[in-house]
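What follows is a single structure, written as structure tokens, with notes after it.
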Amino acid sequence: MKVLYTFGGIPHYLDAMLNKLCAKGVEVVVVTPQKGNATIGKGVKMVEGGTYKHLTAIEKKMFYGKTGYPSLPQIVREEQPDILVMGWPYFLQLFFQPSLRKALKECGTKIAIREIPFQTPPYGEIKAYFRAHPMYDENMRLQSTGIGFYLKQWFTMCIRRYCYAQASGTLNYSTAAYDILPSYGVKREDIHVTFNATDTEALLKERTAVLARQPILPPCTHRILHIGRLVKWKRVDLLIDALPRVISQFTDAELVVVGDGPELENLKQQAECLGLSNHIRFAGSVYKPEELGAYMNESTVYVLAGMGGLSINDAMSYGMPVICSVCDSTERDLVLEGRNGFFFREGDADSLSQKITTLFSSPALCKEMGKESQRIINEKINIESVSLRYLDAFKQMLAKRP
């Protein structure tokens, strides 16, 4: 089978997944922008290459206000894919670009819509949803306010329902899709939960070598680890606010922050103002599996205080207990309350510090939770199992009648 993907760029975790699909016999073609990207967060590492075919095309802001590929109909005709996989906002072209619909029909290409979904209200429940779940951008600016926002969401809701009706199935990172997509008319059997994974094989391959190397950090039995881009909605500031309460009970406690981004200097200043400079290490961006592995292997607990998801997979690959709150919905399938981690009250530094100290107070509990994290990765959510889920979803879509 031949599958054509539209992406705003290829982060390292997608590259690994695409290569895995190629190894399973899928002919993969990927379209990304000729220059830059408008749909992937600033600072996310991109890669080029792979065993798949990589095309670039002009990406432009379309008349409806979102980016798209005007030449996608031509690409479909040239590549003749069995399936076209489209994520947000590219699948809006199904509604706004009649020439794309025509090309897909001519080529007999089926549509798969790929998304978490994240910040997507159930159909017809816009006001109630955003009152309960305010929308912020990654700079923590409130988006869900004003008549204009709700009118835009109403139109998006209607267009989204149309696009889902054109698709043979959806590919979703989280079981949260079962709570949302049926309201848009998507049948449960057409909702394919693939989960999402980093290159767990690369991480685990390096683990033996990591264990044999000299530590990169000094000994510490109460070390907190955070990995991710340093943007406001990751809420590293909240984690720093929670640290003094932890230190009051565990004076050797330390926070290691792996990542870079626009909030780095603000976070350093916050640490200095709180007198925490000796308790926080800013390690910068780390992408090498063996180096990431060393930080995880030498830390006690992993904390994601705000948005994200894939860093949880990485931490669990190294047998770490996880503390998080409301992330991007993928945490619902990764973190099992009381079994391999804890959830704290969103935005509550006291709740976060209490969960950390609970784990620090019981090394045995940390060890058992770490084992459960590793089991979940080994048995349920890893690059091999996720690629098989994609492959099974593709086969089911192709088996459907036109």
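Labels for the structure tokens follow display order: chains A, B, ..., residues from 1 in each chain, ligands from 1.
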Original post:
Which of range 34-216 of chain A counts as alpha helix (DSSP H) under DSSP, as a ChimeraX atom specification please?
Top reply: /A:72-79,93-96,98-107,126-132,147-166,177-180,200-212
**OP:** Give me the residues within 7 Å of range 23-34 of chain A as a PyMOL selection string, counting only C-alpha atoms and dropping any in the same chain fewer than 4 places off.
**Re:** chain A and resi 1-9+19+52-59
Quick one: write out the picked residues with C-alpha atoms as a JSON list (two decimals), in the first residue's frame?
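See result24.json below for the written result:
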```
[["chain", "number", "residue", "atom", "x", "y", "z"],
["A", 1, "MET", "CA", 0.00, 0.00, 0.00],
["A", 2, "LYS", "CA", 1.05, 3.57, -0.60],
["A", 3, "VAL", "CA", 0.38, 6.25, 2.01],
["A", 4, "LEU", "CA", 0.85, 9.98, 1.50],
["A", 5, "TYR", "CA", 1.25, 12.16, 4.60],
["A", 6, "THR", "CA", 0.97, 15.95, 4.86],
["A", 7, "PHE", "CA", 3.04, 17.42, 7.69],
["A", 8, "GLY", "CA", 4.23, 20.86, 8.73],
["A", 9, "GLY", "CA", 7.65, 19.32, 9.35],
["A", 19, "ASN", "CA", 10.86, 4.52, 8.92],
["A", 52, "TYR", "CA", 10.55, 7.20, 2.92],
["A", 53, "LYS", "CA", 10.07, 9.55, -0.02],
["A", 54, "HIS", "CA", 10.19, 13.17, 1.07],
["A", 55, "LEU", "CA", 8.59, 15.87, -1.09],
["A", 56, "THR", "CA", 8.47, 19.59, -0.39],
["A", 57, "ALA", "CA", 5.76, 21.93, -1.59],
["A", 58, "ILE", "CA", 4.82, 25.57, -1.15],
["A", 59, "GLU", "CA", 2.79, 26.04, 2.02]]
```
**OP:** Find the residues near Ile180 in chain A: any atom within 12 Å, counting only C-alpha atoms, skip ones fewer than 3 places away on the same chain, and give them as a PyMOL selection string.
**Re:** chain A and resi 115-126+129+157+160-161+170+172+174-177+183-188+191+329
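The gap separating CA of Lys102 in chain A from CA of Tyr64 in chain A is 19.7 Å, in Å to one decimal.
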Subject >> Using only C-alpha atoms: which of A:Gly338, A:Arg345, A:Gly370, A:Cys327 has the shortest distance to Ser299 in chain A >> reply: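 Nearest candidate to Ser299 in chain A out of A:Gly338, A:Arg345, A:Gly370, A:Cys327: A:Gly370.
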Original post:
For Pro262 in chain A, which residue out of A:Tyr287, A:Trp233, A:Phe95, A:Tyr164 is the nearest one, using only C-alpha atoms?
Top reply: A:Trp233
Subject >> Between CA of Lys60 in chain A and CA of Thr156 in chain A, distance in Å (one decimal) >> reply: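 A separation of 19.2 Å between them.
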Original post:
Can you tell me, as number ranges by chain, what residues are no more than 7 Å from Asp199 in chain A when counting only C-alpha atoms, ignoring any on the same chain fewer than 5 positions away?
Top reply: A: 13, 16, 383
Subject >> Shell around Ser373 in chain A at 10 Å using only C-alpha atoms, local window under 5 positions removed, as a list in words >> reply: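 With the cut-off at 10 Å, the set is Ile312, Asn313, Ala315, Met316, Ser317, Tyr318, Gly319, Met320, Pro321, Val322, Leu334, Val335, Leu336, Arg339, Asn340, Gly341, Lys367, Glu368 and Asn378 of chain A.
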Original post:
Taking the backbone alone, and naming residues the way the document does, which bits of range 291-335 of chain A are strand (DSSP E) by DSSP, as a PyMOL selection string?
Top reply: chain A and resi 301-304+322-324
Original post:
If you count only C-alpha atoms, which residues fall within 7 Å of Asp328 in chain A, apart from same-chain ones fewer than 6 positions away, as a list in words?
Top reply: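 My list of contacting residues is Phe118, Met307, Gly308 and Gly309 of chain A.
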Subject >> Contacts of Ser385 in chain A at 12 Å (only C-alpha atoms; same-chain gap of 5+ positions) as a ChimeraX atom specification >> reply: /A:17,20-21,193-201,376-380,390-392
Subject >> Point-to-point distance from CA of Leu211 in chain A to CA of Asp333 in chain A, Å rounded to tenths >> reply: 28.2 Å
